[in-house]
Structures are given as C-alpha cells and as structure tokens.
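Trainee: So that you have it, the file is work.txt, and it contains compact mmCIF, C-alpha atoms:
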# COMPACT_ATOMS: atom_id res chain seq x y z
CA MET A 1 14.55 23.86 24.24
CA ILE A 2 11.38 22.98 22.33
CA ILE A 3 11.44 22.79 18.54
CA GLY A 4 8.05 22.91 16.83
CA ILE A 5 7.70 21.40 13.36
CA ASP A 6 4.96 21.45 10.73
CA GLY A 7 4.94 17.73 9.92
CA ASN A 8 2.16 17.64 7.33
CA GLU A 9 4.39 17.34 4.27
CA ALA A 10 5.88 14.13 5.71
CA ASN A 11 2.52 12.73 6.81
CA VAL A 12 1.41 11.37 3.42
CA SER A 13 1.20 7.89 1.92
CA MET A 14 3.22 8.65 -1.24
CA ARG A 15 6.25 10.86 -0.69
CA VAL A 16 8.04 12.78 -3.45
CA GLY A 17 9.92 16.06 -3.48
CA ILE A 18 9.17 18.15 -0.39
CA SER A 19 7.40 15.21 1.26
CA GLU A 20 10.51 13.05 0.95
CA TYR A 21 12.65 15.90 2.30
CA ALA A 22 10.35 16.47 5.27
CA TYR A 23 10.08 12.75 6.06
CA TRP A 24 13.82 12.15 6.32
CA LEU A 25 14.33 15.23 8.45
CA LEU A 26 11.66 13.99 10.88
CA TYR A 27 13.12 10.48 10.77
CA TYR A 28 16.53 11.70 11.90
CA PHE A 29 15.25 14.38 14.28
CA ALA A 30 13.41 11.61 16.14
CA LYS A 31 16.67 9.62 16.31
CA PHE A 32 18.53 12.67 17.60
CA ALA A 33 15.87 13.06 20.31
CA THR A 34 17.11 9.81 21.86
CA GLU A 35 20.75 10.92 21.98
CA LYS A 36 22.29 11.98 25.25
CA LYS A 37 24.02 14.98 23.67
CA GLU A 38 20.61 16.33 22.57
CA SER A 39 18.95 15.72 25.95
CA GLN A 40 17.97 19.38 26.25
CA VAL A 41 16.01 19.33 22.98
CA LYS A 42 12.36 18.33 22.70
CA PHE A 43 10.33 18.15 19.49
CA THR A 44 6.62 18.84 18.99
CA VAL A 45 5.30 17.89 15.55
CA TYR A 46 2.08 19.67 14.56
CA LEU A 47 -0.34 17.81 12.26
CA LYS A 48 -3.85 18.20 10.87
CA ASN A 49 -4.28 14.41 10.53
CA LYS A 50 -3.23 11.50 12.72
CA PRO A 51 0.36 10.44 12.02
CA PHE A 52 0.93 7.60 9.57
CA GLN A 53 2.64 4.53 10.96
CA SER A 54 5.69 5.37 8.84
CA LEU A 55 6.37 8.43 11.01
CA PRO A 56 8.51 8.00 14.14
CA SER A 57 6.72 6.74 17.25
CA GLN A 58 5.96 9.11 20.11
CA GLU A 59 8.60 9.25 22.84
CA GLU A 60 9.27 11.45 25.81
CA ARG A 61 11.06 14.05 23.70
CA TRP A 62 9.15 13.43 20.46
CA GLN A 63 5.47 14.36 20.59
CA TYR A 64 2.63 14.90 18.11
CA ASN A 65 -0.05 17.57 18.39
CA VAL A 66 -3.00 16.86 16.06
CA PHE A 67 -5.83 19.36 15.55
CA GLY A 68 -8.08 21.04 12.99
CA PRO A 69 -9.84 22.56 11.19
CA LYS A 70 -7.94 21.41 8.11
CA LYS A 71 -8.90 24.28 5.81
CA LEU A 72 -6.23 27.01 5.85
CA TRP A 73 -4.61 25.00 8.63
CA SER A 74 -1.19 26.66 8.50
CA GLN A 75 -2.68 30.16 8.34
CA LEU A 76 -5.44 29.88 10.97
CA ALA A 77 -5.49 26.72 13.12
CA LEU A 78 -1.73 26.45 13.56
CA PRO A 79 -1.12 30.08 14.66
CA PHE A 80 -3.98 29.79 17.17
CA HIS A 81 -2.52 26.66 18.78
CA LEU A 82 0.98 28.10 18.81
CA PHE A 83 -0.45 31.04 20.78
CA VAL A 84 -2.62 29.19 23.31
CA ASP A 85 -0.82 25.88 23.82
CA LYS A 86 1.79 25.70 26.57
CA PRO A 87 4.71 25.32 26.63
CA ARG A 88 5.37 27.18 23.42
CA PRO A 89 8.17 26.21 21.04
CA ASP A 90 11.37 28.24 21.14
CA VAL A 91 11.62 27.97 17.35
CA PHE A 92 9.20 26.75 14.69
CA PHE A 93 10.32 24.93 11.54
CA SER A 94 8.24 24.72 8.34
CA PRO A 95 9.82 22.29 5.81
CA GLY A 96 7.40 23.23 3.03
CA HIS A 97 7.45 26.91 1.99
CA TYR A 98 4.76 28.22 4.40
CA THR A 99 5.27 29.61 7.90
CA PRO A 100 2.32 30.23 10.27
CA ARG A 101 0.93 33.73 10.15
CA PHE A 102 0.48 36.00 13.16
CA SER A 103 2.96 34.03 15.26
CA SER A 104 5.67 35.69 17.36
CA ILE A 105 7.71 32.48 17.58
CA PRO A 106 10.98 32.68 15.58
CA THR A 107 10.61 30.60 12.42
CA VAL A 108 12.82 28.76 9.98
CA VAL A 109 11.36 27.84 6.58
CA SER A 110 12.61 25.57 3.81
CA VAL A 111 12.08 26.58 0.19
CA MET A 112 13.10 23.95 -2.35
CA ASP A 113 13.01 26.20 -5.41
CA ILE A 114 11.03 29.05 -6.93
CA SER A 115 10.11 27.45 -10.24
CA TYR A 116 6.60 28.91 -9.86
CA LEU A 117 8.08 32.36 -10.55
CA TYR A 118 10.00 31.23 -13.63
CA PHE A 119 7.44 28.84 -15.11
CA PRO A 120 4.02 30.14 -13.97
CA ASP A 121 2.23 28.58 -16.94
CA MET A 122 3.22 25.15 -15.66
CA PHE A 123 1.23 25.47 -12.41
CA LYS A 124 -2.45 25.38 -11.56
CA LYS A 125 -3.80 28.87 -10.88
CA THR A 126 -4.81 28.02 -7.31
CA ASP A 127 -1.40 26.54 -6.51
CA LEU A 128 0.36 29.45 -8.19
CA PHE A 129 -1.51 32.05 -6.14
CA GLN A 130 -0.71 30.25 -2.90
CA LEU A 131 2.95 29.70 -3.76
CA ARG A 132 3.49 33.30 -4.77
CA ARG A 133 1.70 34.98 -1.86
CA TRP A 134 2.44 32.63 1.01
CA THR A 135 6.06 31.90 0.11
CA GLY A 136 6.84 35.60 -0.23
CA TYR A 137 5.39 36.27 3.20
CA SER A 138 7.22 33.29 4.70
CA VAL A 139 10.73 34.06 3.45
CA ARG A 140 10.48 37.69 4.57
CA LYS A 141 9.14 36.78 8.01
CA ALA A 142 11.47 33.85 8.73
CA SER A 143 14.63 34.21 10.80
CA ARG A 144 16.38 31.83 8.39
CA VAL A 145 15.50 30.40 5.00
CA LEU A 146 16.88 26.96 4.18
CA THR A 147 17.23 25.73 0.61
CA ILE A 148 18.77 22.71 -1.06
CA SER A 149 21.23 24.18 -3.58
CA ASP A 150 23.34 27.27 -4.16
CA SER A 151 21.41 27.76 -7.40
CA SER A 152 18.11 28.00 -5.49
CA LYS A 153 19.77 30.22 -2.87
CA ASP A 154 20.82 32.73 -5.53
CA ASP A 155 17.30 32.67 -7.02
CA ILE A 156 15.62 33.29 -3.65
CA ILE A 157 17.92 36.18 -2.75
CA ARG A 158 17.49 37.78 -6.16
CA GLU A 159 13.71 37.43 -6.45
CA TYR A 160 12.72 38.22 -2.84
CA LYS A 161 15.38 40.86 -2.16
CA ILE A 162 16.38 39.40 1.21
CA PRO A 163 19.86 39.50 2.81
CA ALA A 164 22.24 36.83 1.57
CA ASN A 165 23.21 35.77 5.10
CA LYS A 166 19.58 34.91 5.84
CA VAL A 167 19.51 32.10 3.24
CA ILE A 168 21.44 28.90 3.95
CA THR A 169 22.14 26.02 1.58
CA ILE A 170 21.91 22.55 3.09
CA HIS A 171 22.12 19.86 0.45
CA PRO A 172 19.59 17.02 0.73
CA GLY A 173 20.52 13.39 1.14
CA VAL A 174 20.01 10.41 -1.11
CA LYS A 175 17.00 8.16 -0.56
CA GLU A 176 17.98 5.34 1.73
CA THR A 177 17.41 1.72 0.87
CA VAL A 178 14.53 0.05 2.65
CA SER A 179 14.56 -3.65 3.48
CA LEU A 180 13.93 -5.55 0.28
CA GLU A 181 11.70 -8.61 0.33
CA PRO A 182 13.42 -11.62 -1.27
CA HIS A 183 10.53 -12.36 -3.60
CA VAL A 184 10.76 -8.97 -5.33
CA TYR A 185 14.51 -8.48 -5.17
CA GLY A 186 15.34 -9.43 -8.72
CA MET A 187 15.04 -8.01 -12.21
CA ASN A 188 13.40 -11.12 -13.64
CA GLN A 189 10.42 -10.70 -11.33
CA LEU A 190 10.07 -7.03 -12.24
CA LYS A 191 10.40 -7.74 -15.96
CA THR A 192 7.46 -10.10 -15.68
CA LYS A 193 5.42 -7.85 -13.41
CA TYR A 194 5.82 -4.71 -15.56
CA ASN A 195 6.48 -6.31 -18.97
CA LEU A 196 9.91 -4.74 -19.25
CA SER A 197 12.53 -5.19 -21.95
CA ASP A 198 16.08 -6.25 -21.13
CA ASN A 199 17.20 -2.79 -22.22
CA TYR A 200 15.55 0.41 -21.09
CA LEU A 201 16.24 4.05 -20.32
CA LEU A 202 14.79 5.32 -17.05
CA PHE A 203 13.10 8.54 -15.96
CA VAL A 204 11.86 9.02 -12.38
CA GLY A 205 9.80 12.03 -11.34
CA THR A 206 6.34 13.57 -11.16
CA LEU A 207 4.58 13.93 -14.51
CA GLN A 208 4.49 17.70 -14.96
CA PRO A 209 5.65 20.13 -17.68
CA ARG A 210 8.76 21.33 -15.81
CA LYS A 211 10.26 17.85 -16.04
CA ASN A 212 10.45 18.24 -19.86
CA ILE A 213 9.20 14.71 -20.50
CA VAL A 214 7.65 15.49 -23.88
CA ARG A 215 11.05 16.54 -25.25
CA LEU A 216 12.58 13.42 -23.71
CA ILE A 217 10.05 11.26 -25.54
CA GLU A 218 10.69 13.12 -28.80
CA ALA A 219 14.44 12.64 -28.37
CA PHE A 220 13.94 8.96 -27.64
CA SER A 221 11.85 8.63 -30.81
CA LYS A 222 14.82 9.93 -32.81
CA VAL A 223 16.99 7.20 -31.25
CA ILE A 224 14.43 4.45 -31.87
CA LEU A 225 13.41 5.39 -35.40
CA GLU A 226 17.01 5.90 -36.53
CA ARG A 227 18.12 2.58 -35.03
CA SER A 228 15.26 0.49 -36.34
CA ASP A 229 16.66 0.17 -39.88
CA ARG A 230 20.26 -0.52 -38.95
CA ILE A 231 20.28 -2.94 -36.03
CA PRO A 232 22.78 -5.68 -36.87
CA SER A 233 21.92 -9.33 -36.48
CA ARG A 234 22.92 -11.14 -33.31
CA SER A 235 25.58 -13.08 -35.19
CA LYS A 236 27.47 -10.02 -36.40
CA ARG A 237 30.28 -8.48 -34.44
CA ASP A 238 29.34 -5.10 -32.97
CA PRO A 239 31.54 -2.58 -34.86
CA ILE A 240 31.29 0.15 -32.20
CA GLY A 241 32.08 -1.68 -28.99
CA LEU A 242 28.50 -2.22 -27.86
CA LYS A 243 27.52 -5.68 -26.72
CA PRO A 244 25.28 -7.38 -29.31
CA SER A 245 22.45 -7.71 -26.78
CA ARG A 246 22.36 -3.94 -26.48
CA MET A 247 21.71 -3.63 -30.20
CA THR A 248 19.30 -6.49 -30.71
CA GLU A 249 16.97 -6.27 -27.75
CA LYS A 250 14.00 -3.96 -27.88
CA LEU A 251 14.83 -0.64 -26.26
CA GLN A 252 12.24 1.00 -23.97
CA LEU A 253 11.83 4.29 -22.19
CA VAL A 254 10.42 3.60 -18.72
CA ILE A 255 8.82 6.62 -17.03
CA VAL A 256 8.24 6.09 -13.31
CA GLY A 257 6.14 8.68 -11.51
CA LYS A 258 2.74 9.83 -10.37
CA LYS A 259 0.58 12.19 -12.40
CA GLY A 260 1.17 15.72 -11.23
CA TRP A 261 -0.48 18.51 -13.20
CA LEU A 262 -0.85 19.40 -16.89
CA TYR A 263 0.28 15.87 -17.72
CA GLU A 264 -2.09 15.17 -20.63
CA ASP A 265 0.43 16.14 -23.35
CA ILE A 266 3.00 13.85 -21.73
CA LEU A 267 0.71 10.83 -21.96
CA LYS A 268 -0.09 11.63 -25.60
CA ALA A 269 3.53 12.12 -26.68
CA PRO A 270 4.52 8.47 -27.39
CA LYS A 271 1.73 8.09 -29.94
CA GLN A 272 2.42 11.54 -31.34
CA PHE A 273 6.02 10.55 -32.12
CA GLY A 274 5.19 7.04 -33.30
CA ILE A 275 6.81 5.06 -30.49
CA GLU A 276 3.87 4.12 -28.28
CA ASN A 277 5.13 0.52 -28.11
CA HIS A 278 8.50 1.65 -26.78
CA VAL A 279 7.36 3.83 -23.84
CA LYS A 280 5.98 2.58 -20.52
CA PHE A 281 4.37 4.76 -17.85
CA LEU A 282 4.54 3.21 -14.37
CA ASP A 283 2.89 5.01 -11.44
CA ASP A 284 2.82 2.19 -8.89
CA VAL A 285 6.49 1.29 -8.43
CA GLY A 286 7.28 0.67 -4.76
CA ASP A 287 10.26 2.02 -2.84
CA ASP A 288 11.56 -1.55 -2.57
CA GLU A 289 11.48 -1.93 -6.35
CA LEU A 290 12.95 1.38 -7.48
CA PRO A 291 16.59 0.46 -6.68
CA ILE A 292 16.26 -2.51 -9.03
CA PHE A 293 15.04 -0.23 -11.82
CA TYR A 294 18.09 2.00 -11.30
CA LYS A 295 20.56 -0.88 -11.14
CA ASN A 296 19.40 -2.45 -14.41
CA ALA A 297 18.75 0.62 -16.58
CA VAL A 298 21.06 1.45 -19.48
CA CYS A 299 20.99 5.00 -18.17
CA PHE A 300 18.87 7.50 -16.27
CA VAL A 301 17.70 10.65 -18.08
CA LEU A 302 16.42 13.81 -16.36
CA PRO A 303 16.25 16.69 -18.90
CA SER A 304 14.35 18.97 -16.50
CA LEU A 305 13.88 22.66 -17.26
CA TYR A 306 14.46 23.62 -13.62
CA GLU A 307 15.23 21.77 -10.38
CA GLY A 308 15.81 22.84 -6.82
CA PHE A 309 18.38 20.08 -6.62
CA GLY A 310 17.43 16.97 -8.61
CA LEU A 311 17.60 14.14 -6.08
CA PRO A 312 16.77 11.38 -8.61
CA VAL A 313 20.14 12.16 -10.25
CA LEU A 314 21.94 11.14 -7.05
CA GLU A 315 19.60 8.21 -6.44
CA ALA A 316 20.49 6.83 -9.86
CA MET A 317 24.19 7.39 -9.23
CA LYS A 318 23.99 5.60 -5.89
CA TYR A 319 22.99 2.43 -7.72
CA GLY A 320 25.60 2.77 -10.44
CA CYS A 321 23.24 3.98 -13.15
CA PRO A 322 24.87 6.35 -15.71
CA VAL A 323 23.13 9.74 -15.78
CA ILE A 324 22.17 12.22 -18.48
CA THR A 325 20.73 15.46 -17.14
CA SER A 326 20.29 19.17 -17.88
CA ASN A 327 23.11 21.69 -17.83
CA ILE A 328 21.03 24.34 -16.04
CA SER A 329 19.82 25.40 -12.57
CA SER A 330 21.06 23.14 -9.75
CA LEU A 331 21.58 19.94 -11.74
CA PRO A 332 25.34 20.40 -12.40
CA GLU A 333 25.63 21.04 -8.65
CA ALA A 334 24.08 17.65 -7.94
CA GLY A 335 25.77 15.70 -10.73
CA GLY A 336 29.27 17.16 -10.53
CA ASP A 337 31.60 15.55 -13.06
CA ALA A 338 29.69 12.26 -12.93
CA ALA A 339 26.99 13.00 -15.54
CA LEU A 340 26.53 13.83 -19.22
CA TYR A 341 24.87 17.24 -19.58
CA VAL A 342 22.41 18.42 -22.22
CA ASP A 343 20.63 21.58 -23.25
CA PRO A 344 17.09 20.64 -22.10
CA GLU A 345 15.50 22.66 -24.89
CA ASP A 346 17.52 20.97 -27.63
CA VAL A 347 15.92 17.66 -28.59
CA ASP A 348 18.83 16.75 -30.86
CA ASP A 349 21.30 17.27 -28.03
CA ILE A 350 19.27 14.99 -25.75
CA ALA A 351 19.04 12.34 -28.47
CA GLY A 352 22.74 12.66 -29.22
CA LYS A 353 23.79 12.10 -25.61
CA ILE A 354 21.50 9.07 -25.36
CA LYS A 355 23.12 7.59 -28.49
CA GLU A 356 26.56 8.36 -27.10
CA LEU A 357 25.88 6.35 -23.95
CA LEU A 358 24.20 3.52 -25.84
CA HIS A 359 27.24 3.15 -28.10
CA ASN A 360 29.99 3.59 -25.52
CA GLU A 361 30.23 0.91 -22.85
CA LYS A 362 33.46 2.38 -21.46
CA LEU A 363 31.75 5.74 -20.91
CA ARG A 364 28.83 4.05 -19.15
CA HIS A 365 31.26 2.27 -16.81
CA THR A 366 33.18 5.50 -16.11
CA LEU A 367 30.01 7.44 -15.28
CA SER A 368 28.76 4.58 -13.12
CA GLU A 369 31.91 4.58 -10.97
CA LYS A 370 32.08 8.38 -10.75
CA GLY A 371 28.38 8.50 -9.87
CA LYS A 372 28.77 6.19 -6.88
CA LYS A 373 31.46 8.48 -5.47
CA GLN A 374 29.35 11.58 -6.11
CA ALA A 375 26.26 10.12 -4.41
CA ALA A 376 28.31 9.07 -1.37
CA LYS A 377 28.88 12.76 -0.55
CA PHE A 378 25.21 13.23 0.41
CA SER A 379 23.29 11.70 3.32
CA TRP A 380 20.01 12.52 5.08
CA GLU A 381 21.62 12.20 8.49
CA LYS A 382 24.10 14.95 7.54
CA THR A 383 21.24 17.07 6.17
CA ALA A 384 19.20 16.64 9.34
CA ARG A 385 22.17 17.36 11.62
CA GLU A 386 22.99 20.61 9.80
CA THR A 387 19.31 21.61 9.85
CA LEU A 388 19.02 20.94 13.57
CA ASP A 389 22.10 23.09 14.21
CA ILE A 390 20.39 26.04 12.47
CA LEU A 391 17.18 25.54 14.47
CA LYS A 392 19.11 25.49 17.75
CA GLN A 393 21.03 28.64 16.78
CA VAL A 394 17.80 30.53 16.04
CA ALA A 395 16.20 29.32 19.28
CA GLN A 396 19.22 30.31 21.38
CA LYS A 397 19.49 33.70 19.74
CA SER A 398 15.85 34.52 20.55
CA SER A 399 15.97 33.31 24.18
Take the structure I supplied and represent it as structure tokens, if you would.
Mentor:
Amino acid sequence: MIIGIDGNEANVSMRVGISEYAYWLLYYFAKFATEKKESQVKFTVYLKNKPFQSLPSQEERWQYNVFGPKKLWSQLALPFHLFVDKPRPDVFFSPGHYTPRFSSIPTVVSVMDISYLYFPDMFKKTDLFQLRRWTGYSVRKASRVLTISDSSKDDIIREYKIPANKVITIHPGVKETVSLEPHVYGMNQLKTKYNLSDNYLLFVGTLQPRKNIVRLIEAFSKVILERSDRIPSRSKRDPIGLKPSRMTEKLQLVIVGKKGWLYEDILKAPKQFGIENHVKFLDDVGDDELPIFYKNAVCFVLPSLYEGFGLPVLEAMKYGCPVITSNISSLPEAGGDAALYVDPEDVDDIAGKIKELLHNEKLRHTLSEKGKKQAAKFSWEKTARETLDILKQVAQKSS
C-alpha cells in the first residue's frame, strides 16, 4: 500500500496552525514506517521545494518526490505527477484544505475550520477566494474529510451539505517539548533577553483579527488602569489572598506570535488604550523558550472569536498555566472544565475574569492542576495513528 501526502504545509521554517498539524503527522508517519506491523505501508511525500532538515529523513518506506512548477502546484503540477509517476499512491492525503484536481486517486483532506465563511472580512481577498473555491471542491471530492473538533465537523457538514459519515473528528495533539539548551532554560535569562516583568499575562497566536487581540488589550487596560491607584505597599498584608509580589510588581501583557494579516489595529491598540508600556509584542520566541513563557505566566488568555480547536489552550495547560478562553466554537471542547470562559465580544467579561484569576491564588492552582490532566488526554502520536487508520481504510476500500 502506498500513501501519498502533500507535505508542503509541514515544509516551512516557522510552523503554526496547519503547518504544526502537518509536521507532527509526518513526524509520526515516518516513525510508523519503521514498524514491523506497518511493513506493508509505504509513504511518498510530494513537495514543491526540497525538504527542510527538520522533516524526517528518507528511508526505504519514506520517500520524497520534489518537483515544480510552484505556481498553482496543487492544482496543476501535482495532478500531472500523480497521473504519470509510477507506482501511483493507493490513497492521497492533503493535510491543508486542498486536494489535487483531476486526479482519480481516492483522497482524504483535512480542514481545520471554516472561519473564512463566518468572518470573510478578516481575510485577504486573494486568500478568501482560494479558501472558498478550493476547499469547497476538496471536501465534496474527498472520500473522507478530517477535522480537529466536533464543532468544526458540524460547521463543515452544515455549510457544505455533505453526509455526516464522511466527516471525521480526530483531535490534534499538544506540541511536544524539544530538547532545551541549558543556557536558555530559565526564566531569569528570558526576563533579561526580552525585558519581561516578574508578572505577566500571556497570549500565543498569529496576529490577525479573528484572535480578538484588540479586545484583549482593551480588557487588560481596564485591569491596569483600575489597579494603578490602589496597589498596596509591599509592607501591607494582602487583604484578598494574593501574594504581595503579585500586587506590587509591574503587570505586563506578553503577546507572542508572528504578524498574520490585518494586524495594524492590533499593534496600535496599546497606545490607543494608554498602556503601551505594559504590552510587549514578541515575534521571535523559539520553540525551546515557549514552555518557559507558559510555566511562568500568571495566566494564558485566548479570547478568540472562532477556533478550529485552539491548541495553545492545551499547550498552556500542559505546562500548568491557568487558562482564560472563549465560550464559543471549539474552545470549550479543548478546555473542558479546566478553563475560565468568557464572552469574547464582552470586554468587561474578559477584564473581570482576568481580575478574578489575579486575585484568587487558589483558583489559579485548581485550574493549573485540572489543566495538566486535560492536556494529557491529547497526543500527536494518537492523532497520527487515528489518521493513518482512516487512510488505510480508504485505500483498502478502493483496491
């Protein structure tokens, strides 16, 4: 059995969202290719650029096929090679929304979410056109559609009018810890490197309107400006159970993420709300550093307007960071009973939940412990194994 895979989403230097999803699937598929019980399965990964060193090395049952032209690669170059190259795959898997056109090979496609249908104004016109047209074609053509939450599954079935048994939910895993170099494994080093306060709230995600970062900054301004006139001195006993250091140290909002699209209003928001000295934008945080940010944050806040799943919620929980997130779309599915939930369109609600966590050490501890248990339910190996089972079923059914 030969499984063909579009590996381009994973073959990038900075991986977020779909790229992270595609990378971990390839990582574990390559491991499975060395297992005796999968000895009948071979993988061919199709790319338009040479594979990065971070991708699995070529082996007997794990091969790369690199070709061009790069323009409209998935719609022109890929279908051509799938037709002329021998042997042909028994099933073809596209982790990122788009299946090859004009191909008779059974396909499986992954669709993270359909936010482009619900929030079209938050996408570039060129991206929106491609997402609408190509995704619609792909989900109707595919033998199976994989998605990462029951919330996204319901959306896909409803909007594309496809049979419910064609769409399968396979939850994603939590980002795995890479080897940490001793010289960076410590908060003191990161505080110096990034000029961080002892106390900070954390957001992790691409800077784009759907992430609702402007409202987060406005909510944070309400916390900062209200607190500024009533912070007790270090010598006074904290009347509400919060450690004195929590009340006396400068509080920051640390926003970790690359610029996505329509991010200009986000960058202007701290000055607009009068807290430019309390907000830090960091776009160069390494994978080896991010766990330290999670471990030392007062809490993690993701007030997104829509998420296919919301992996950063589980990443924060894995490291014991209390979580505040939205009460809509898939986020309650990811967070379970281990998060505080907010109405993402209600700035006062967001601010109120932040204050609640700041002032309640017992609640922070409870959420931290619950979060670790919630995150432990999800792993990339489990995700990859369940995905491979679907690919094998489709291949066997078509043979």
Trainee: Under the rule that only C-alpha atoms are counted, which of A:Val174, A:Ile157, A:Leu216, A:Leu146 is the nearest residue to Pro312 of chain A?
Mentor: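 Using only C-alpha atoms, Pro312 of chain A sits closest to A:Val174.
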Trainee: List as a Markdown table every residue of segment 101-157 of chain A that is in contact with segment 75-81 of chain A, defined as an atom at most 12 Å from one of its atoms (using all atoms listed in the file), together with the nearest atom pair and the distance in Å rounded to one decimal, sorted by chain and then rising number.
Mentor:
| residue | atom | partner | partner_atom | distance |
| --- | --- | --- | --- | --- |
| A:Arg101 | CA | A:Gln75 | CA | 5.4 |
| A:Phe102 | CA | A:Pro79 | CA | 6.3 |
| A:Ser103 | CA | A:Pro79 | CA | 5.7 |
| A:Ser104 | CA | A:Pro79 | CA | 9.2 |
| A:Ile105 | CA | A:Pro79 | CA | 9.6 |
| A:Thr107 | CA | A:Pro79 | CA | 12.0 |
| A:Gln130 | CA | A:Gln75 | CA | 11.4 |
| A:Trp134 | CA | A:Gln75 | CA | 9.3 |
| A:Tyr137 | CA | A:Gln75 | CA | 11.4 |
| A:Ser138 | CA | A:Gln75 | CA | 11.0 |
Trainee: What's the 8 Å shell around segment 2-7 of chain A, counting only C-alpha atoms, without same-chain residues fewer than 6 positions away, as a PDB file with C-alpha atoms, in the coordinates of the input?
Mentor:
ATOM      1  CA  ALA A  22      10.350  16.470   5.270  1.00  0.00           C
ATOM      2  CA  LEU A  26      11.660  13.990  10.880  1.00  0.00           C
ATOM      3  CA  VAL A  41      16.010  19.330  22.980  1.00  0.00           C
ATOM      4  CA  LYS A  42      12.360  18.330  22.700  1.00  0.00           C
ATOM      5  CA  PHE A  43      10.330  18.150  19.490  1.00  0.00           C
ATOM      6  CA  THR A  44       6.620  18.840  18.990  1.00  0.00           C
ATOM      7  CA  VAL A  45       5.300  17.890  15.550  1.00  0.00           C
ATOM      8  CA  TYR A  46       2.080  19.670  14.560  1.00  0.00           C
ATOM      9  CA  LEU A  47      -0.340  17.810  12.260  1.00  0.00           C
ATOM     10  CA  ARG A  88       5.370  27.180  23.420  1.00  0.00           C
ATOM     11  CA  PRO A  89       8.170  26.210  21.040  1.00  0.00           C
ATOM     12  CA  ASP A  90      11.370  28.240  21.140  1.00  0.00           C
ATOM     13  CA  VAL A  91      11.620  27.970  17.350  1.00  0.00           C
ATOM     14  CA  PHE A  92       9.200  26.750  14.690  1.00  0.00           C
ATOM     15  CA  PHE A  93      10.320  24.930  11.540  1.00  0.00           C
ATOM     16  CA  SER A  94       8.240  24.720   8.340  1.00  0.00           C
ATOM     17  CA  PRO A  95       9.820  22.290   5.810  1.00  0.00           C
ATOM     18  CA  LEU A 391      17.180  25.540  14.470  1.00  0.00           C
TER      19      LEU A 391
END
Trainee: Just give me the gap between atom CA of Lys125 of chain A and atom CA of Arg210 of chain A in Å, one decimal is fine.
Mentor: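 So the answer is 15.5 Å.
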Trainee: Give me, please, the distance in Å between atom CA of Ala30 of chain A and atom CA of Trp62 of chain A, quoted to one decimal.
Mentor: 6.3 Å
Trainee: For Cys299 of chain A, which residue among A:Asn277, A:Ser110, A:Ser329, A:Asn360 is the nearest when counting only C-alpha atoms?
Mentor: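 Selected residue with least distance to Cys299 of chain A: A:Asn360.
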Trainee: Which residue out of A:Ile266, A:Val139, A:Val66, A:Val394 has the minimum interatomic distance to Gly96 of chain A when only C-alpha atoms are used?
Mentor: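 For Gly96 of chain A, the nearest of the candidates is A:Val139.
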Trainee: For Asp150 of chain A, list every protein, DNA or RNA residue within 9 Å, evaluated using all atoms listed in the file, and leave out those in the same chain fewer than 2 positions away; present the list as a list of chain:residue names.
Mentor: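 Once the adjacent positions are removed, what remains is A:Thr147, A:Ile148, A:Ser152, A:Lys153, A:Asp154, A:Asp155, A:Ile168, A:Thr169, A:Ile170, A:His171, A:Ser330, A:Glu333.
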Trainee: Give me a file of those residues, with C-alpha atoms, as a PDB file, in the coordinates of the input.
Mentor:
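Contents of out.pdb, as written:
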ATOM      1  CA  THR A 147      17.230  25.730   0.610  1.00  0.00           C
ATOM      2  CA  ILE A 148      18.770  22.710  -1.060  1.00  0.00           C
ATOM      3  CA  SER A 152      18.110  28.000  -5.490  1.00  0.00           C
ATOM      4  CA  LYS A 153      19.770  30.220  -2.870  1.00  0.00           C
ATOM      5  CA  ASP A 154      20.820  32.730  -5.530  1.00  0.00           C
ATOM      6  CA  ASP A 155      17.300  32.670  -7.020  1.00  0.00           C
ATOM      7  CA  ILE A 168      21.440  28.900   3.950  1.00  0.00           C
ATOM      8  CA  THR A 169      22.140  26.020   1.580  1.00  0.00           C
ATOM      9  CA  ILE A 170      21.910  22.550   3.090  1.00  0.00           C
ATOM     10  CA  HIS A 171      22.120  19.860   0.450  1.00  0.00           C
ATOM     11  CA  SER A 330      21.060  23.140  -9.750  1.00  0.00           C
ATOM     12  CA  GLU A 333      25.630  21.040  -8.650  1.00  0.00           C
TER      13      GLU A 333
END
Trainee: Could you check which of A:Ile328, A:Ile162, A:Met317, A:Leu388 is closest to Gln374 of chain A, using all atoms listed in the file?
Mentor: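 For Gln374 of chain A, the nearest of the candidates is A:Met317.
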Trainee: Please enclose the listed atoms of segment 354-373 of chain A in an axis-aligned box, pad each side by 3 Å, and write out the centre and the three edge lengths in Å, rounded to one decimal, as lines of an AutoDock Vina configuration file.
Mentor:
center_x = 27.5
center_y = 5.0
center_z = -17.0
size_x = 18.0
size_y = 14.2
size_z = 29.0
Trainee: Taking (2.5, 7.4, 11.2) in the coordinates of the supplied file, I want to know which residues reach to within 12 Å of it, counting all atoms listed in the file; could you give the answer as a VMD selection string?
Mentor: chain A and resid 7 to 8 10 to 13 23 26 to 27 45 47 49 to 58 64 66
Trainee: Between atom CA of Glu20 of chain A and atom CA of Arg133 of chain A, measure the distance and give it in Å to one decimal.
Mentor: 23.8 Å
Trainee: For a quick check of your reading of the model, name the residues lying within 12 Å of the coordinate (27.5, 10.6, -18.8), counting all atoms listed in the file, and write them as a PyMOL selection string.
Mentor: chain A and resi 298-302+313+316-317+320-327+332+335-342+350+352-371
Trainee: Name the closest residue to Gly310 of chain A among the candidates A:Asp113, A:Asp121, A:Glu38, A:Glu381; distances are taken between atoms, counting all atoms listed in the file.
Mentor: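 Ranked by minimum distance to Gly310 of chain A, first place goes to A:Asp113.
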Trainee: Let me make sure I understand: among A:Phe293, A:Tyr160, A:Trp24, A:Phe378, which one has the smallest atom-to-atom distance to Gln189 of chain A if we use all atoms listed in the file?
Mentor: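 Closest residue, counting all atoms listed in the file: A:Phe293.
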Trainee: Quick one: residues within 9 Å of Lys258 of chain A, only C-alpha atoms counted, chain neighbours fewer than 2 positions away excluded, as a ChimeraX atom specification?
Mentor: /A:205-207,256,260,282-284
Trainee: Can I get the selection written as a PDB file, keeping the file's coordinate frame, with C-alpha atoms?
Mentor:
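File produced: selection28.pdb:
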ATOM      1  CA  GLY A 205       9.800  12.030 -11.340  1.00  0.00           C
ATOM      2  CA  THR A 206       6.340  13.570 -11.160  1.00  0.00           C
ATOM      3  CA  LEU A 207       4.580  13.930 -14.510  1.00  0.00           C
ATOM      4  CA  VAL A 256       8.240   6.090 -13.310  1.00  0.00           C
ATOM      5  CA  GLY A 260       1.170  15.720 -11.230  1.00  0.00           C
ATOM      6  CA  LEU A 282       4.540   3.210 -14.370  1.00  0.00           C
ATOM      7  CA  ASP A 283       2.890   5.010 -11.440  1.00  0.00           C
ATOM      8  CA  ASP A 284       2.820   2.190  -8.890  1.00  0.00           C
TER       9      ASP A 284
END
